[in-house]
$ cat run.tsv   # TSV, C-alpha atoms
chain	number	residue	atom	x	y	z
A	1	MET	CA	-41.08	-13.67	8.67
A	2	SER	CA	-41.70	-17.32	9.47
A	3	GLU	CA	-45.10	-18.99	9.53
A	4	GLN	CA	-47.11	-17.70	12.45
A	5	LYS	CA	-48.09	-20.29	14.98
A	6	PRO	CA	-47.95	-20.67	18.74
A	7	LEU	CA	-45.19	-22.48	20.58
A	8	ALA	CA	-45.91	-25.97	21.82
A	9	LEU	CA	-48.26	-25.76	24.78
A	10	VAL	CA	-45.81	-26.87	27.50
A	11	GLU	CA	-42.97	-24.72	26.15
A	12	ALA	CA	-45.19	-21.63	25.92
A	13	TRP	CA	-46.65	-21.96	29.41
A	14	ARG	CA	-43.20	-22.65	30.87
A	15	ALA	CA	-41.94	-19.38	29.30
A	16	VAL	CA	-44.97	-17.45	30.58
A	17	ALA	CA	-44.44	-18.86	34.10
A	18	ALA	CA	-40.74	-17.88	34.07
A	19	CYS	CA	-41.70	-14.40	32.89
A	20	PHE	CA	-44.29	-14.08	35.65
A	21	LEU	CA	-41.74	-15.04	38.30
A	22	SER	CA	-39.03	-12.67	37.01
A	23	CYS	CA	-41.53	-9.81	36.94
A	24	TRP	CA	-41.56	-9.65	40.73
A	25	ALA	CA	-37.81	-9.02	40.88
A	26	LEU	CA	-38.20	-6.24	38.30
A	27	LEU	CA	-40.97	-4.67	40.37
A	28	ALA	CA	-38.90	-4.93	43.56
A	29	CYS	CA	-35.97	-3.17	41.82
A	30	ARG	CA	-38.35	-0.50	40.44
A	31	ARG	CA	-37.24	-1.17	36.86
A	32	ILE	CA	-40.78	-1.10	35.40
A	33	HIS	CA	-42.04	2.34	34.38
A	34	LEU	CA	-45.33	3.67	33.00
A	35	PRO	CA	-44.40	6.84	31.09
A	36	ARG	CA	-47.27	9.08	29.96
A	37	GLU	CA	-45.71	11.00	27.02
A	38	ARG	CA	-47.43	8.96	24.29
A	39	VAL	CA	-50.71	8.23	26.09
A	40	GLY	CA	-53.57	9.67	24.03
A	41	THR	CA	-51.60	9.55	20.77
A	42	ARG	CA	-53.69	8.23	17.86
A	43	ILE	CA	-51.83	5.91	15.48
A	44	SER	CA	-53.17	5.27	11.96
A	45	PHE	CA	-52.48	2.11	9.98
A	46	ALA	CA	-52.33	1.27	6.27
A	47	ASP	CA	-55.48	-0.85	6.52
A	48	GLY	CA	-57.49	2.34	7.21
A	49	THR	CA	-57.88	1.79	10.96
A	50	SER	CA	-56.50	3.82	13.84
A	51	ALA	CA	-56.14	3.30	17.57
A	52	ARG	CA	-55.30	5.39	20.62
A	53	VAL	CA	-52.36	4.63	22.91
A	54	TYR	CA	-53.79	4.09	26.38
A	55	ARG	CA	-50.67	2.97	28.24
A	56	GLU	CA	-46.93	2.58	27.85
A	57	THR	CA	-44.77	0.14	29.77
A	58	ARG	CA	-41.00	0.48	29.75
A	59	LEU	CA	-38.25	-1.55	31.33
A	60	GLY	CA	-35.28	0.61	32.35
A	61	SER	CA	-34.35	2.96	29.49
A	62	GLY	CA	-36.65	1.14	27.06
A	63	LEU	CA	-33.87	0.93	24.47
A	64	ALA	CA	-32.62	-2.32	23.01
A	65	LYS	CA	-29.02	-3.13	22.00
A	66	ASP	CA	-30.16	-5.32	19.06
A	67	PRO	CA	-33.49	-3.58	18.41
A	68	CYS	CA	-36.54	-4.84	16.63
A	69	THR	CA	-40.13	-3.73	16.53
A	70	LEU	CA	-42.80	-6.26	17.34
A	71	VAL	CA	-46.43	-5.58	16.44
A	72	VAL	CA	-49.07	-7.92	17.91
A	73	ALA	CA	-52.79	-7.78	17.08
A	74	PHE	CA	-55.85	-9.68	18.28
A	75	ARG	CA	-59.61	-9.30	18.71
A	76	LEU	CA	-61.11	-10.03	22.10
A	77	ARG	CA	-63.94	-12.53	22.32
A	78	LEU	CA	-67.16	-11.38	24.02
A	79	VAL	CA	-65.98	-7.81	24.70
A	80	HIS	CA	-68.20	-5.05	23.32
A	81	GLY	CA	-69.26	-1.50	24.22
A	82	PRO	CA	-68.39	-0.64	27.84
A	83	GLY	CA	-66.49	-3.92	28.15
A	84	HIS	CA	-63.60	-2.32	26.24
A	85	ALA	CA	-63.07	0.28	28.98
A	86	LEU	CA	-63.12	-2.48	31.58
A	87	PHE	CA	-60.55	-4.49	29.59
A	88	ARG	CA	-58.24	-1.47	29.27
A	89	ALA	CA	-58.37	-0.90	33.03
A	90	GLU	CA	-57.87	-4.58	33.83
A	91	SER	CA	-55.07	-5.04	31.30
A	92	LEU	CA	-52.54	-3.49	33.67
A	93	LEU	CA	-52.79	-6.78	35.55
A	94	ASN	CA	-51.44	-8.52	32.42
A	95	THR	CA	-48.05	-6.79	32.78
A	96	PRO	CA	-46.43	-9.82	34.51
A	97	LEU	CA	-47.23	-11.84	31.37
A	98	PHE	CA	-44.71	-9.95	29.20
A	99	VAL	CA	-42.39	-7.61	31.12
A	100	GLY	CA	-40.20	-10.42	32.44
A	101	PHE	CA	-39.58	-12.06	29.06
A	102	PRO	CA	-35.90	-11.86	28.04
A	103	GLY	CA	-35.42	-8.97	25.61
A	104	PHE	CA	-38.49	-6.90	26.52
A	105	THR	CA	-37.74	-3.16	26.54
A	106	SER	CA	-41.01	-1.27	25.92
A	107	LYS	CA	-44.64	-1.57	24.85
A	108	LEU	CA	-47.31	0.83	23.65
A	109	TRP	CA	-50.79	-0.51	24.45
A	110	LEU	CA	-53.33	0.46	21.78
A	111	ALA	CA	-57.08	0.50	22.40
A	112	HIS	CA	-59.36	-1.35	20.00
A	113	ASP	CA	-59.60	0.06	16.48
A	114	GLU	CA	-62.66	0.40	14.24
A	115	ASP	CA	-62.52	-3.36	13.58
A	116	GLY	CA	-62.31	-4.24	17.30
A	117	ARG	CA	-58.63	-5.19	17.01
A	118	TYR	CA	-56.19	-4.43	19.86
A	119	ARG	CA	-52.50	-3.95	19.12
A	120	GLY	CA	-49.28	-3.88	21.10
A	121	LEU	CA	-46.29	-2.03	19.63
A	122	TYR	CA	-43.09	-3.22	21.26
A	123	GLU	CA	-39.40	-2.55	21.11
A	124	TRP	CA	-37.59	-5.80	21.76
A	125	ASP	CA	-33.92	-6.68	22.17
A	126	ASP	CA	-33.14	-9.44	19.63
A	127	PRO	CA	-35.65	-10.49	16.95
A	128	ARG	CA	-35.43	-14.18	17.98
A	129	ARG	CA	-36.50	-13.25	21.50
A	130	ALA	CA	-39.38	-11.16	20.13
A	131	GLU	CA	-40.55	-14.11	18.03
A	132	HIS	CA	-40.32	-16.44	21.04
A	133	TYR	CA	-42.38	-14.02	23.12
A	134	ALA	CA	-45.04	-13.57	20.40
A	135	ARG	CA	-45.41	-17.33	19.98
A	136	SER	CA	-45.62	-17.81	23.78
A	137	LEU	CA	-48.10	-14.95	24.18
A	138	TRP	CA	-50.27	-16.60	21.53
A	139	ARG	CA	-51.22	-19.29	24.07
A	140	VAL	CA	-52.40	-16.65	26.56
A	141	LEU	CA	-54.24	-14.61	23.94
A	142	ALA	CA	-55.96	-17.71	22.53
A	143	LEU	CA	-57.86	-18.01	25.82
A	144	VAL	CA	-59.63	-14.65	25.29
A	145	SER	CA	-59.37	-13.92	21.55
A	146	VAL	CA	-61.56	-14.56	18.55
A	147	PRO	CA	-60.15	-17.69	16.85
A	148	GLY	CA	-57.93	-16.77	13.91
A	149	SER	CA	-57.50	-13.13	14.99
A	150	ILE	CA	-54.00	-13.34	16.52
A	151	ARG	CA	-51.23	-11.88	14.32
A	152	TYR	CA	-47.72	-10.57	14.86
A	153	THR	CA	-44.92	-9.01	12.86
A	154	VAL	CA	-41.24	-8.84	13.87
A	155	LEU	CA	-39.23	-6.09	12.17
A	156	PRO	CA	-35.49	-6.63	12.85
A	157	GLY	CA	-33.09	-3.70	13.16
A	158	LEU	CA	-35.85	-1.16	13.70
A	159	ARG	CA	-36.52	0.73	16.92
A	160	ARG	CA	-40.18	1.18	17.76
A	161	ASP	CA	-39.98	4.98	17.57
A	162	GLU	CA	-38.27	4.79	14.16
A	163	PHE	CA	-41.04	2.47	13.01
A	164	LEU	CA	-43.65	4.97	14.21
A	165	SER	CA	-41.96	7.93	12.54
A	166	ASP	CA	-41.55	6.32	9.09
A	167	THR	CA	-45.05	6.68	7.67
A	168	SER	CA	-44.15	6.62	3.98
A	169	PRO	CA	-46.74	4.57	2.05
A	170	VAL	CA	-44.25	2.61	-0.09
A	171	GLY	CA	-40.69	1.49	0.55
A	172	ASP	CA	-40.90	2.31	4.23
A	173	ALA	CA	-38.16	1.39	6.70
A	174	ALA	CA	-40.05	-1.78	7.62
A	175	GLY	CA	-40.17	-2.94	4.00
A	176	ASP	CA	-42.96	-3.46	1.51
A	177	SER	CA	-43.84	-6.88	2.96
A	178	THR	CA	-45.12	-5.38	6.22
A	179	PRO	CA	-48.85	-6.22	6.47
A	180	ASP	CA	-51.22	-3.25	6.25
A	181	TRP	CA	-52.69	-3.94	9.71
A	182	SER	CA	-49.24	-3.31	11.23
A	183	ARG	CA	-47.84	-0.56	8.96
A	184	VAL	CA	-48.15	2.93	10.48
A	185	THR	CA	-49.30	5.76	8.20
A	186	GLY	CA	-49.62	8.54	10.77
A	187	GLU	CA	-49.39	9.57	14.39
A	188	THR	CA	-51.44	12.36	15.98
A	189	ARG	CA	-50.34	13.58	19.41
A	190	PRO	CA	-52.98	14.90	21.82

$ encode --input "run.tsv" --output "structure tokens"
Amino acid sequence: MSEQKPLALVEAWRAVAACFLSCWALLACRRIHLPRERVGTRISFADGTSARVYRETRLGSGLAKDPCTLVVAFRLRLVHGPGHALFRAESLLNTPLFVGFPGFTSKLWLAHDEDGRYRGLYEWDDPRRAEHYARSLWRVLALVSVPGSIRYTVLPGLRRDEFLSDTSPVGDAAGDSTPDWSRVTGETRP
């Protein structure tokens, strides 16, 4: 994985604007879906935290031709207690900020964990596109996140559901270099 940093400001906001515009065509064609199968599932991570899936967004079938898993994490600034529920409800309005990016296929939205960290678990088509999205998203997240809390991991060749099902502690499908905050150790369905 390359050094993590945001895209240049103009490039990032141009990509976000293009995504926002293409989202409306996807909505008009009814290609955006909100499946409920995984909502309520609790996902545990190697750093000892866990988080509940509160929403899934899928574009079409949700399957990529050149799959990769993208895990994004951040901590919200100034959101505590009941503010988390408000953020989760409001976050649906953030859908136009990612669903129109080239290569997006699906996202699991995870509520804040014990450390106050939110995560998104994505399946993306093409690791380069996932990296471009993560670095563009950084600029949006920086507006509302605790400085220094934004992280992402791109795992090429790995479907999101394969990533979730391989919970072996060492030598997992994602590789030993996967950071603990993004490595899944268990999944509990409701």

$ closest_residue --input "run.tsv" --among "A:Val10, A:Val16, A:Leu108, A:Leu141" --to "Val71 (chain A)" --atoms "only C-alpha atoms"
A:Leu108

$ residues_around --input "run.tsv" --residues "Thr95 (chain A)" --least-positions-apart "2" --cutoff "10 Å" --atoms "only C-alpha atoms" --output "list in words"
Cys19, Phe20, Cys23, Ile32, Thr57, Ser91, Leu92, Leu93, Leu97, Phe98, Val99 and Gly100 of chain A

$ atom_distance --input "run.tsv" --atom1 "CA of Ala111 (chain A)" --atom2 "CA of Arg88 (chain A)"
7.2 Å

$ closest_residue --input "run.tsv" --among "A:Thr49, A:Asn94, A:Gln4, A:Ser22" --to "Gly186 (chain A)" --atoms "all atoms listed in the file"
A:Thr49

$ atom_distance --input "run.tsv" --atom1 "CA of Arg139 (chain A)" --atom2 "CA of Gly48 (chain A)"
28.1 Å

$ axis_aligned_box --input "run.tsv" --around "region 146-158 of chain A" --padding-each-side "8 Å" --output "lines of an AutoDock Vina configuration file"
center_x = -47.3
center_y = -9.4
center_z = 15.4
size_x = 44.5
size_y = 32.5
size_z = 22.4

$ residues_around --input "run.tsv" --residues "Glu114 (chain A)" --least-positions-apart "3" --cutoff "8 Å" --atoms "only C-alpha atoms" --output "list of chain:residue names"
A:Thr49, A:Ser50, A:Ala51, A:Arg117

$ residues_near_point --input "run.tsv" --point "(-41.4, -4.5, 20.3)" --cutoff "7 Å" --atoms "all atoms listed in the file" --output "PyMOL selection string"
chain A and resi 68-71+106-107+121-124+130+160

$ closest_residue --input "run.tsv" --among "A:Arg183, A:Arg52, A:Arg38, A:Arg151" --to "Ala73 (chain A)" --atoms "all atoms listed in the file"
A:Arg151

$ atom_distance --input "run.tsv" --atom1 "CA of Arg31 (chain A)" --atom2 "CA of Arg58 (chain A)"
8.2 Å

$ residues_near_point --input "run.tsv" --point "(-37.4, -16.1, 29.5)" --cutoff "9 Å" --atoms "only C-alpha atoms" --output "number ranges by chain"
A: 14-19, 22, 100-103, 129, 132-133

$ residues_around --input "run.tsv" --residues "Pro6 (chain A)" --least-positions-apart "5" --cutoff "7 Å" --atoms "all atoms listed in the file" --output "list in words"
Arg135, Ser136, Trp138 and Arg139 of chain A

$ closest_residue --input "run.tsv" --among "A:Lys65, A:Arg77, A:Arg159, A:His84" --to "Asp125 (chain A)" --atoms "all atoms listed in the file"
A:Lys65

$ closest_residue --input "run.tsv" --among "A:Ser149, A:Leu26, A:Glu90, A:Leu76" --to "Phe104 (chain A)" --atoms "all atoms listed in the file"
A:Leu26

$ closest_residue --input "run.tsv" --among "A:Leu34, A:Leu158, A:Ala8, A:Leu164" --to "Ser61 (chain A)" --atoms "all atoms listed in the file"
A:Leu34

$ decode --input "run.tsv" --residues "region 106-120 of chain A" --atoms "all heavy atoms" --output "PDB file, in the first residue's frame"
ATOM      1  N   SER A 106     -20.179  -1.788  -3.888  1.00  0.00           N
ATOM      2  CA  SER A 106     -20.990  -1.920  -2.674  1.00  0.00           C
ATOM      3  C   SER A 106     -20.259  -1.387  -1.454  1.00  0.00           C
ATOM      4  O   SER A 106     -19.029  -1.276  -1.445  1.00  0.00           O
ATOM      5  CB  SER A 106     -21.375  -3.386  -2.442  1.00  0.00           C
ATOM      6  OG  SER A 106     -20.235  -4.158  -2.137  1.00  0.00           O
ATOM      7  N   LYS A 107     -21.044  -1.049  -0.435  1.00  0.00           N
ATOM      8  CA  LYS A 107     -20.493  -0.517   0.820  1.00  0.00           C
ATOM      9  C   LYS A 107     -21.318  -1.013   1.992  1.00  0.00           C
ATOM     10  O   LYS A 107     -22.545  -0.976   1.956  1.00  0.00           O
ATOM     11  CB  LYS A 107     -20.529   1.009   0.815  1.00  0.00           C
ATOM     12  CG  LYS A 107     -20.090   1.641   2.133  1.00  0.00           C
ATOM     13  CD  LYS A 107     -20.220   3.149   2.108  1.00  0.00           C
ATOM     14  CE  LYS A 107     -19.757   3.754   3.432  1.00  0.00           C
ATOM     15  NZ  LYS A 107     -19.880   5.221   3.443  1.00  0.00           N
ATOM     16  N   LEU A 108     -20.631  -1.471   3.033  1.00  0.00           N
ATOM     17  CA  LEU A 108     -21.250  -1.701   4.338  1.00  0.00           C
ATOM     18  C   LEU A 108     -20.881  -0.509   5.204  1.00  0.00           C
ATOM     19  O   LEU A 108     -19.703  -0.175   5.350  1.00  0.00           O
ATOM     20  CB  LEU A 108     -20.729  -2.990   4.987  1.00  0.00           C
ATOM     21  CG  LEU A 108     -21.109  -4.303   4.326  1.00  0.00           C
ATOM     22  CD1 LEU A 108     -20.487  -5.471   5.088  1.00  0.00           C
ATOM     23  CD2 LEU A 108     -22.623  -4.461   4.248  1.00  0.00           C
ATOM     24  N   TRP A 109     -21.874   0.123   5.796  1.00  0.00           N
ATOM     25  CA  TRP A 109     -21.676   1.264   6.689  1.00  0.00           C
ATOM     26  C   TRP A 109     -21.632   0.723   8.108  1.00  0.00           C
ATOM     27  O   TRP A 109     -22.592   0.088   8.554  1.00  0.00           O
ATOM     28  CB  TRP A 109     -22.831   2.228   6.593  1.00  0.00           C
ATOM     29  CG  TRP A 109     -23.224   2.739   5.242  1.00  0.00           C
ATOM     30  CD1 TRP A 109     -23.659   2.007   4.171  1.00  0.00           C
ATOM     31  CD2 TRP A 109     -23.277   4.098   4.839  1.00  0.00           C
ATOM     32  NE1 TRP A 109     -23.973   2.830   3.137  1.00  0.00           N
ATOM     33  CE2 TRP A 109     -23.757   4.123   3.527  1.00  0.00           C
ATOM     34  CE3 TRP A 109     -22.981   5.298   5.472  1.00  0.00           C
ATOM     35  CZ2 TRP A 109     -23.937   5.313   2.819  1.00  0.00           C
ATOM     36  CZ3 TRP A 109     -23.166   6.475   4.775  1.00  0.00           C
ATOM     37  CH2 TRP A 109     -23.631   6.478   3.458  1.00  0.00           C
ATOM     38  N   LEU A 110     -20.545   0.954   8.828  1.00  0.00           N
ATOM     39  CA  LEU A 110     -20.426   0.479  10.200  1.00  0.00           C
ATOM     40  C   LEU A 110     -20.563   1.643  11.175  1.00  0.00           C
ATOM     41  O   LEU A 110     -19.952   2.705  10.984  1.00  0.00           O
ATOM     42  CB  LEU A 110     -19.078  -0.207  10.430  1.00  0.00           C
ATOM     43  CG  LEU A 110     -19.022  -1.683  10.027  1.00  0.00           C
ATOM     44  CD1 LEU A 110     -19.253  -1.883   8.553  1.00  0.00           C
ATOM     45  CD2 LEU A 110     -17.713  -2.289  10.448  1.00  0.00           C
ATOM     46  N   ALA A 111     -21.363   1.429  12.224  1.00  0.00           N
ATOM     47  CA  ALA A 111     -21.518   2.423  13.281  1.00  0.00           C
ATOM     48  C   ALA A 111     -20.200   2.579  14.023  1.00  0.00           C
ATOM     49  O   ALA A 111     -19.276   1.771  13.851  1.00  0.00           O
ATOM     50  CB  ALA A 111     -22.626   1.989  14.241  1.00  0.00           C
ATOM     51  N   HIS A 112     -20.100   3.576  14.863  1.00  0.00           N
ATOM     52  CA  HIS A 112     -18.869   3.818  15.613  1.00  0.00           C
ATOM     53  C   HIS A 112     -18.560   2.633  16.535  1.00  0.00           C
ATOM     54  O   HIS A 112     -19.445   2.002  17.072  1.00  0.00           O
ATOM     55  CB  HIS A 112     -18.958   5.118  16.414  1.00  0.00           C
ATOM     56  CG  HIS A 112     -19.955   5.098  17.518  1.00  0.00           C
ATOM     57  ND1 HIS A 112     -21.315   5.094  17.294  1.00  0.00           N
ATOM     58  CD2 HIS A 112     -19.781   5.058  18.847  1.00  0.00           C
ATOM     59  CE1 HIS A 112     -21.947   5.076  18.448  1.00  0.00           C
ATOM     60  NE2 HIS A 112     -21.044   5.047  19.420  1.00  0.00           N
ATOM     61  N   ASP A 113     -17.265   2.350  16.670  1.00  0.00           N
ATOM     62  CA  ASP A 113     -16.824   1.263  17.551  1.00  0.00           C
ATOM     63  C   ASP A 113     -16.542   1.813  18.949  1.00  0.00           C
ATOM     64  O   ASP A 113     -16.864   2.970  19.253  1.00  0.00           O
ATOM     65  CB  ASP A 113     -15.605   0.539  16.950  1.00  0.00           C
ATOM     66  CG  ASP A 113     -14.363   1.417  16.851  1.00  0.00           C
ATOM     67  OD1 ASP A 113     -14.303   2.504  17.480  1.00  0.00           O
ATOM     68  OD2 ASP A 113     -13.427   1.019  16.139  1.00  0.00           O
ATOM     69  N   GLU A 114     -15.937   1.005  19.784  1.00  0.00           N
ATOM     70  CA  GLU A 114     -15.645   1.388  21.161  1.00  0.00           C
ATOM     71  C   GLU A 114     -14.669   2.565  21.256  1.00  0.00           C
ATOM     72  O   GLU A 114     -14.619   3.263  22.273  1.00  0.00           O
ATOM     73  CB  GLU A 114     -15.068   0.193  21.939  1.00  0.00           C
ATOM     74  CG  GLU A 114     -16.018  -0.968  22.084  1.00  0.00           C
ATOM     75  CD  GLU A 114     -16.060  -1.917  20.871  1.00  0.00           C
ATOM     76  OE1 GLU A 114     -15.435  -1.625  19.833  1.00  0.00           O
ATOM     77  OE2 GLU A 114     -16.742  -2.946  20.973  1.00  0.00           O
ATOM     78  N   ASP A 115     -13.919   2.813  20.183  1.00  0.00           N
ATOM     79  CA  ASP A 115     -12.980   3.937  20.147  1.00  0.00           C
ATOM     80  C   ASP A 115     -13.560   5.148  19.401  1.00  0.00           C
ATOM     81  O   ASP A 115     -12.841   6.098  19.110  1.00  0.00           O
ATOM     82  CB  ASP A 115     -11.670   3.513  19.464  1.00  0.00           C
ATOM     83  CG  ASP A 115     -10.889   2.502  20.291  1.00  0.00           C
ATOM     84  OD1 ASP A 115     -11.055   2.479  21.529  1.00  0.00           O
ATOM     85  OD2 ASP A 115     -10.106   1.737  19.696  1.00  0.00           O
ATOM     86  N   GLY A 116     -14.854   5.075  19.039  1.00  0.00           N
ATOM     87  CA  GLY A 116     -15.494   6.173  18.328  1.00  0.00           C
ATOM     88  C   GLY A 116     -15.170   6.228  16.847  1.00  0.00           C
ATOM     89  O   GLY A 116     -15.441   7.216  16.177  1.00  0.00           O
ATOM     90  N   ARG A 117     -14.614   5.153  16.312  1.00  0.00           N
ATOM     91  CA  ARG A 117     -14.178   5.112  14.910  1.00  0.00           C
ATOM     92  C   ARG A 117     -15.286   4.508  14.042  1.00  0.00           C
ATOM     93  O   ARG A 117     -15.815   3.443  14.333  1.00  0.00           O
ATOM     94  CB  ARG A 117     -12.914   4.268  14.827  1.00  0.00           C
ATOM     95  CG  ARG A 117     -12.309   4.162  13.469  1.00  0.00           C
ATOM     96  CD  ARG A 117     -10.996   3.394  13.500  1.00  0.00           C
ATOM     97  NE  ARG A 117     -11.020   2.309  14.455  1.00  0.00           N
ATOM     98  CZ  ARG A 117     -10.019   1.979  15.279  1.00  0.00           C
ATOM     99  NH1 ARG A 117      -8.904   2.660  15.257  1.00  0.00           N
ATOM    100  NH2 ARG A 117     -10.133   0.973  16.099  1.00  0.00           N
ATOM    101  N   TYR A 118     -15.632   5.204  12.963  1.00  0.00           N
ATOM    102  CA  TYR A 118     -16.557   4.693  11.950  1.00  0.00           C
ATOM    103  C   TYR A 118     -15.738   4.010  10.868  1.00  0.00           C
ATOM    104  O   TYR A 118     -14.605   4.392  10.604  1.00  0.00           O
ATOM    105  CB  TYR A 118     -17.363   5.830  11.316  1.00  0.00           C
ATOM    106  CG  TYR A 118     -18.485   6.323  12.182  1.00  0.00           C
ATOM    107  CD1 TYR A 118     -18.258   7.270  13.166  1.00  0.00           C
ATOM    108  CD2 TYR A 118     -19.769   5.831  12.030  1.00  0.00           C
ATOM    109  CE1 TYR A 118     -19.288   7.731  13.978  1.00  0.00           C
ATOM    110  CE2 TYR A 118     -20.810   6.274  12.828  1.00  0.00           C
ATOM    111  CZ  TYR A 118     -20.558   7.227  13.799  1.00  0.00           C
ATOM    112  OH  TYR A 118     -21.570   7.657  14.592  1.00  0.00           O
ATOM    113  N   ARG A 119     -16.337   2.999  10.237  1.00  0.00           N
ATOM    114  CA  ARG A 119     -15.671   2.324   9.121  1.00  0.00           C
ATOM    115  C   ARG A 119     -16.656   2.138   7.973  1.00  0.00           C
ATOM    116  O   ARG A 119     -17.854   1.970   8.187  1.00  0.00           O
ATOM    117  CB  ARG A 119     -15.168   0.938   9.534  1.00  0.00           C
ATOM    118  CG  ARG A 119     -14.020   0.944  10.523  1.00  0.00           C
ATOM    119  CD  ARG A 119     -13.636  -0.494  10.852  1.00  0.00           C
ATOM    120  NE  ARG A 119     -12.587  -0.604  11.827  1.00  0.00           N
ATOM    121  CZ  ARG A 119     -12.784  -0.682  13.142  1.00  0.00           C
ATOM    122  NH1 ARG A 119     -14.000  -0.646  13.639  1.00  0.00           N
ATOM    123  NH2 ARG A 119     -11.754  -0.805  13.964  1.00  0.00           N
ATOM    124  N   GLY A 120     -16.107   2.112   6.768  1.00  0.00           N
ATOM    125  CA  GLY A 120     -16.840   1.697   5.582  1.00  0.00           C
ATOM    126  C   GLY A 120     -16.090   0.515   4.998  1.00  0.00           C
ATOM    127  O   GLY A 120     -14.864   0.570   4.851  1.00  0.00           O
TER     128      GLY A 120
END
